[in-house]
Amino acid sequence: GQQLNQSPQSMFIQEGEDVSMNCTSSSIFNTWLWYKQEPGEGPVLLIALYKAGELTSNGRLTAQFGITRKDSFLNISASIPSDVGIYFCAGRNTNAGKSTFGDGTTLTVKP
Amino acid sequence: EAQVTQNPRYLITVTGKKLTVTCSQNMNHEYMSWYRQDPGLGLRQIYYSMNVEVTDKGDVPEGYKVSRKEKRNFPLILESPSPNQTSLYFCASSSPTGGLNEQFFGPGTRLTVL
């Protein structure tokens, strides 16, 4: 099946620093999604991207849908302690019921 | 309050003893899914359903069954659980109208099979 490679696996940063993480796929997706999971909870959608080349922001978060449709990037600016969690990318195609998730990036922010 | 509920939240069982994890949503969503989450492997889709009586396999369906007799419920059935099914399970729901890609996730069920 389709696979998503998400990197880095983990990040340890100081409060105030910017963060970048990315996701690459061996095949094309029509939709890219970014989720955040906090301890003891299910993932929550942060940003959804629908078109190749699209750049979308949600507060301090910015995500881009790669031109090739095989990759996506998430940036977090001026990180704060509550940004701590696991960030997942996910891809979807025309079968909207089927989703493929990356392995996650665990973010730790030191005050 | 719009939500996805799962029961039980925690379960310890033994190999071979059939179990069911229930999932219910109150948002009238057409789509529902089950995922398992394992360390270093992210979320892997087990089964999904695009409407009542319509189910399909995800990436890791072996050892699991599902049913969708009603729109709001999507139970996950393990007929003969094995230790490699020890995992954290999430149910999710979404709608093809409005927020197509906003999947709402339940709180998770932590299953241990001894």
# chains A, B, ... in the order shown; residues from 1 in each chain; ligands from 1
>>> closest_atom_pairs(of="chain B", to="chain A", cutoff="12 Å", atoms="only C-alpha atoms", output="CSV")
residue,atom,partner,partner_atom,distance
B:Gln3,CA,A:Gly42,CA,11.5
B:Val4,CA,A:Gly42,CA,10.1
B:Thr5,CA,A:Gly42,CA,11.0
B:Gln6,CA,A:Gly42,CA,11.2
B:Arg9,CA,A:Gly40,CA,10.6
B:Tyr10,CA,A:Gly40,CA,11.8
B:His29,CA,A:Gly97,CA,11.8
B:Glu30,CA,A:Gly97,CA,9.6
B:Tyr31,CA,A:Gly97,CA,6.4
B:Met32,CA,A:Gly97,CA,7.7
B:Ser33,CA,A:Gly97,CA,7.6
B:Trp34,CA,A:Lys98,CA,10.6
B:Tyr35,CA,A:Ser99,CA,9.8
B:Arg36,CA,A:Phe101,CA,11.0
B:Gln37,CA,A:Asp103,CA,9.3
B:Asp38,CA,A:Asp103,CA,9.2
B:Pro39,CA,A:Asp103,CA,8.6
B:Gly40,CA,A:Asp103,CA,6.0
B:Leu41,CA,A:Asp103,CA,5.0
B:Gly42,CA,A:Asp103,CA,3.8
B:Leu43,CA,A:Phe101,CA,5.7
B:Arg44,CA,A:Phe101,CA,6.7
B:Gln45,CA,A:Ser99,CA,7.0
B:Ile46,CA,A:Lys98,CA,9.8
B:Tyr47,CA,A:Lys98,CA,8.7
B:Tyr48,CA,A:Gly97,CA,6.2
B:Ser49,CA,A:Gly97,CA,6.8
B:Met50,CA,A:Gly97,CA,6.1
B:Asn51,CA,A:Gly97,CA,9.8
B:Val54,CA,A:Gly97,CA,10.8
B:Thr55,CA,A:Gly97,CA,9.6
B:Asp56,CA,A:Gly97,CA,8.8
B:Lys57,CA,A:Lys98,CA,8.9
B:Gly58,CA,A:Lys98,CA,6.8
B:Asp59,CA,A:Gly1,CA,6.9
B:Val60,CA,A:Gly1,CA,10.0
B:Leu88,CA,A:Gly42,CA,10.1
B:Tyr89,CA,A:Gly42,CA,9.5
B:Phe90,CA,A:Gly42,CA,7.0
B:Cys91,CA,A:Gly42,CA,8.8
B:Ala92,CA,A:Gly42,CA,8.9
B:Ser93,CA,A:Gly97,CA,9.6
B:Ser94,CA,A:Gly97,CA,8.8
B:Ser95,CA,A:Ala96,CA,9.6
B:Pro96,CA,A:Ala96,CA,7.8
B:Thr97,CA,A:Ala96,CA,11.3
B:Gly99,CA,A:Ala48,CA,9.7
B:Leu100,CA,A:Ala96,CA,8.1
B:Asn101,CA,A:Ala48,CA,7.0
B:Glu102,CA,A:Leu45,CA,6.3
B:Gln103,CA,A:Leu45,CA,7.1
B:Phe104,CA,A:Val44,CA,7.0
B:Phe105,CA,A:Gly42,CA,5.3
B:Gly106,CA,A:Gly42,CA,5.9
B:Pro107,CA,A:Glu41,CA,5.1
B:Gly108,CA,A:Gly42,CA,6.3
B:Thr109,CA,A:Gly40,CA,10.0
B:Arg110,CA,A:Gly40,CA,10.1
>>> residues_around(residues="A:Ser10", least_positions_apart="3", cutoff="8 Å", atoms="only C-alpha atoms", output="PDB file with C-alpha atoms, in the first residue's frame")
ATOM      1  CA  SER A   7      10.730  13.448   9.197  1.00  0.00           C
ATOM      2  CA  THR A 105       7.049  13.798  14.521  1.00  0.00           C
ATOM      3  CA  THR A 106       7.305  14.138  18.299  1.00  0.00           C
ATOM      4  CA  LEU A 107       7.922  17.752  19.286  1.00  0.00           C
ATOM      5  CA  THR A 108       9.350  18.779  22.640  1.00  0.00           C
TER       6      THR A 108
END
>>> closest_residue(among="A:Pro81, A:Thr62, A:Pro8, A:Asn93", to="A:Cys23", atoms="only C-alpha atoms")
A:Pro8
>>> select_by_dssp(residues="chain A", states="strand (DSSP E)", output="ChimeraX atom specification")
/A:4-7,10-14,19-25,31-37,44-49,55-58,61-65,71-76,85-92,99-101,105-110
>>> closest_residue(among="A:Gln14, A:Asn5, A:Ser77, A:Ser72", to="A:Ala52", atoms="only C-alpha atoms")
A:Ser72
>>> closest_residue(among="A:Ile28, A:Met21, A:Leu55, A:Leu61", to="A:Phe73", atoms="only C-alpha atoms")
A:Met21
>>> residues_around(residues="B:Leu76", least_positions_apart="6", cutoff="7 Å", atoms="only C-alpha atoms", output="VMD selection string")
chain B and resid 20 to 22 64 to 66
>>> write_last_selection(atoms="N, CA and C atoms", output="tab-separated table (two decimals), in the first residue's frame")
chain	number	residue	atom	x	y	z
B	20	THR	N	-15.30	-6.98	21.69
B	20	THR	CA	-15.82	-5.92	20.83
B	20	THR	C	-15.52	-4.57	21.45
B	21	VAL	N	-15.00	-3.66	20.64
B	21	VAL	CA	-14.81	-2.28	21.07
B	21	VAL	C	-15.87	-1.45	20.34
B	22	THR	N	-16.67	-0.74	21.11
B	22	THR	CA	-17.75	0.01	20.48
B	22	THR	C	-17.28	1.43	20.13
B	64	TYR	N	-9.35	-8.62	12.30
B	64	TYR	CA	-10.41	-7.70	12.74
B	64	TYR	C	-11.65	-7.87	11.87
B	65	LYS	N	-12.80	-7.55	12.47
B	65	LYS	CA	-14.05	-7.45	11.73
B	65	LYS	C	-14.74	-6.18	12.17
B	66	VAL	N	-15.60	-5.66	11.29
B	66	VAL	CA	-16.40	-4.49	11.64
B	66	VAL	C	-17.81	-4.71	11.11
>>> atom_distance(atom1="atom CA of A:Thr24", atom2="atom CA of A:Gln64")
12.1 Å
